[in-house]
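Since the structure comes first, as structure tokens, the remarks are kept for the end.
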Amino acid sequence: MKDKPIVLYHIQWSGVFLSLFIGALFLAWHLLTMTDYLYSSVYNCVGIGENVATFGPQNVVRPHFELTNKQEHIRLFSNIVTAVHNDGAGLEKLTYHTPDGQVLGKFLTDAEIVHLQDVAHLVNVANALGSSALAVALLLLALLWWKNSKPPSLLRYNLRGLLVLLMLVGVILLAGSEKVFYQFHIWLFPEGHQWFFLYQESLMSMFMKAPDLFAYIAVEILIAAIVLYIGILIVINYLWSRPIDQSE
């Protein structure tokens with residue numbers, strides 16, 4: 001029976017760390033949303049301008065996109081980010097323009113609008129999950145504070161978590177990040193809804209250089225989440241003066 005409190009103690013603190021990390025991912029995602037995922041900063045690294053110059057002339061569905069410039073691409077990406085975080089509102093109204101403001105045409109096809117509305121639904125689900133994780137973390141912390149339950153070794157616990165994270169990244173790389181990316185699309189999006197778009201047929205896919213841009217965004221979110229998570233751990237360590245001695 002003496003082991004039961006220790007087991008419960010580890011379950012509770014493991015729950016804190018897991019929910020806090022999920023919450024940190026959630027907060028990092030929303031912070032980066034405010035910057036449009038640094039699209040303008042990684043634009044050249046991803047090679048978006050070259051991608052548009054190459055495939056723009058080949059697109060007969062939405063022609064002349066090669067006449068647009070980086071500022072127009074930044075504007076369009078920002079509008080899409082805003083729309084998918086607002087239930088897809090305004091997607092059908094997006095148009096693309098020359099640098100002097102001439103309207104070249106409607107930006108998204110019907111299939112792309114449906115896909116981005118599906119993305120908007122997933123965003124709503126992710127918001128609910130992220131908010132729930134933060135709520136669970138705060139409730140557990142309040143309970144543990146009330147019980148005067150000091151945290152275990154933050155370094156030891158989180159090195160284990162880091163090892164699990166590295167193993168997960170390793171599995172993704174071994175499986176092929178692009179294959180994993182496409183498999184998640186199969187799992188997450190409704191059957192019969194198009195989610196794969198060729199550059200020659202889709203301005204959306206072309207000016208995001210999918211899936212390359214999404215790899216950059218994933219790394220951005222992970223790095224920002226780790227920084228936030230470490231900051232939260234520092235606060236916890238400050239509030240709970242010292243780790244508990246498990247041998248007592």
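Residue names in the structure tokens use chain letters A, B, ... in the order shown, residue numbers from 1 in each chain, and ligand numbers from 1 in the order shown.
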
Per residue of region 87-195 of chain A within 8 Å of region 233-242 of chain A, what are the shortest atom pair and its distance in Å to one decimal, counting only C-alpha atoms, with rows by chain and residue number, as CSV?
```
residue,atom,partner,partner_atom,distance
A:Lys150,CA,A:Trp240,CA,5.9
A:Pro151,CA,A:Trp240,CA,7.1
A:Leu154,CA,A:Leu233,CA,7.5
```

Can you list every residue of region 77-104 of chain A that has an atom at most 9 Å from region 36-49 of chain A, with its nearest atom pair and the distance in Å to one decimal, using only C-alpha atoms, ordered by chain then number, as CSV?
```
residue,atom,partner,partner_atom,distance
A:Phe77,CA,A:Asp36,CA,7.4
A:Ser78,CA,A:Asp36,CA,5.8
A:Val81,CA,A:Asp36,CA,6.6
A:Thr82,CA,A:Asp36,CA,8.6
```

Notebook entry, point to check: Contacts of region 96-98 of chain A at 7 Å or less, counting only C-alpha atoms, minus same-chain residues fewer than 6 places along, as a ChimeraX atom specification?
Noted result: /A:67-68,104-107

Save out the residues we just selected, N, CA and C atoms, as a PDB file, in the first residue's frame.
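This is the output file out.pdb:
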```pdb
ATOM      1  N   LEU A  67       2.936  36.613 -62.736  1.00  0.00           N
ATOM      2  CA  LEU A  67       2.999  38.078 -62.791  1.00  0.00           C
ATOM      3  C   LEU A  67       2.890  38.707 -61.407  1.00  0.00           C
ATOM      4  N   THR A  68       2.527  37.921 -60.408  1.00  0.00           N
ATOM      5  CA  THR A  68       2.424  38.438 -59.043  1.00  0.00           C
ATOM      6  C   THR A  68       3.803  38.469 -58.393  1.00  0.00           C
ATOM      7  N   LEU A 104      -6.230  39.656 -61.511  1.00  0.00           N
ATOM      8  CA  LEU A 104      -5.946  38.616 -62.504  1.00  0.00           C
ATOM      9  C   LEU A 104      -6.972  37.492 -62.471  1.00  0.00           C
ATOM     10  N   GLY A 105      -7.678  37.345 -61.352  1.00  0.00           N
ATOM     11  CA  GLY A 105      -8.686  36.303 -61.290  1.00  0.00           C
ATOM     12  C   GLY A 105      -8.959  35.835 -59.878  1.00  0.00           C
ATOM     13  N   LYS A 106      -9.878  34.897 -59.760  1.00  0.00           N
ATOM     14  CA  LYS A 106     -10.211  34.270 -58.492  1.00  0.00           C
ATOM     15  C   LYS A 106      -9.064  33.347 -58.092  1.00  0.00           C
ATOM     16  N   PHE A 107      -8.677  33.375 -56.832  1.00  0.00           N
ATOM     17  CA  PHE A 107      -7.480  32.660 -56.412  1.00  0.00           C
ATOM     18  C   PHE A 107      -7.714  31.160 -56.210  1.00  0.00           C
TER      19      PHE A 107
END
```

Next item on the list: Name the residues of region 6-230 of chain A that fall into helix (DSSP H, G or I) according to DSSP on the backbone, using the chain letters and numbers of this document, as a ChimeraX atom specification.
Entry: /A:6-33,36-46,48-58,65-67,70-84,91-93,110-146,154-175,177-188,203-208,212-230

Next item on the list: For Ala224 (chain A), work out the shell of residues within 9 Å, counting only C-alpha atoms and skipping chain neighbours fewer than 5 positions away, then give it as a PyMOL selection string.
Entry: chain A and resi 24-25+27-29+31-32+219+229

For those residues, write C-alpha atoms to a file as a PDB file, in the first residue's frame.
```pdb
ATOM      1  CA  ALA A  24       2.889  24.802 -25.053  1.00  0.00           C
ATOM      2  CA  LEU A  25       2.442  23.445 -28.587  1.00  0.00           C
ATOM      3  CA  LEU A  27       0.303  28.415 -27.469  1.00  0.00           C
ATOM      4  CA  ALA A  28       3.278  28.294 -29.854  1.00  0.00           C
ATOM      5  CA  TRP A  29       0.950  27.529 -32.752  1.00  0.00           C
ATOM      6  CA  LEU A  31       1.706  32.854 -31.415  1.00  0.00           C
ATOM      7  CA  LEU A  32       3.103  31.861 -34.809  1.00  0.00           C
ATOM      8  CA  VAL A 219       9.956  23.065 -36.902  1.00  0.00           C
ATOM      9  CA  TYR A 229       7.696  24.782 -22.071  1.00  0.00           C
TER      10      TYR A 229
END
```

Each residue of region 61-158 of chain A lying at most 7 Å from region 5-20 of chain A should get a row with its shortest atom-to-atom pair and the distance in Å to one decimal, counting only C-alpha atoms; could you produce that, ordered by chain and increasing number, as a tab-separated table?
```
residue	atom	partner	partner_atom	distance
A:Ala133	CA	A:Ser19	CA	4.9
A:Leu134	CA	A:Leu20	CA	6.4
A:Val136	CA	A:Ser19	CA	6.6
A:Ala137	CA	A:Val16	CA	5.1
A:Leu140	CA	A:Val16	CA	6.3
A:Leu141	CA	A:Val16	CA	6.9
A:Pro151	CA	A:Trp13	CA	6.9
```

Expected file contents, prior selection, C-alpha atoms, as a compact mmCIF listing (two decimals), in the first residue's frame:
```txt
# COMPACT_ATOMS: atom_id res chain seq x y z
CA ALA A 133 -4.78 20.45 -22.18
CA LEU A 134 -4.07 23.84 -20.61
CA VAL A 136 -6.03 20.02 -17.23
CA ALA A 137 -2.50 21.30 -16.52
CA LEU A 140 -3.50 19.46 -11.73
CA LEU A 141 -1.05 22.17 -10.69
CA PRO A 151 7.69 18.32 -8.30
```

Next item on the list: Would you return as a ChimeraX atom specification the members of region 32-226 of chain A that DSSP assigns to strand (DSSP E) on this structure's backbone?
Entry: /A:95-97,103-106

Checklist line | Test item: residues at most 12 Å from Leu108 (chain A), only C-alpha atoms, excluding those fewer than 5 positions along its chain, as a list in words | finding: Val61, Arg62, Pro63, Phe65, Leu76, Phe77, Asn79, Ile80, Gly90, Leu91, Glu92, Lys93, Leu94, Thr95, Tyr96, Ile113, Val114, His115, Leu116, Gln117, Phe197, Glu201, Ser202, Leu203, Met204, Ser205, Met206 and Phe207 of chain A

Next item on the list: Work out how far CA of Gln58 (chain A) is from CA of Thr109 (chain A), in Å to one decimal.
Entry: 16.1 Å

Notebook entry, point to check: How far is it from CA of Pro190 (chain A) to CA of His121 (chain A), in Å with one decimal?
Noted result: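 Result for CA of Pro190 (chain A) versus CA of His121 (chain A): 11.1 Å, one decimal.
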
Check: Which is closer to Phe26 (chain A) than all the others in A:Asn86, A:Leu222, A:Glu191, A:Gln71, using only C-alpha atoms?
Finding: A:Leu222

Note to self: So the first atom is CA of Ile172 (chain A) and the second is CA of Ile221 (chain A); what is the distance between them in Å, to one decimal place?
What the structure shows: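 Taking CA of Ile172 (chain A) and CA of Ile221 (chain A), their separation equals 16.5 Å.
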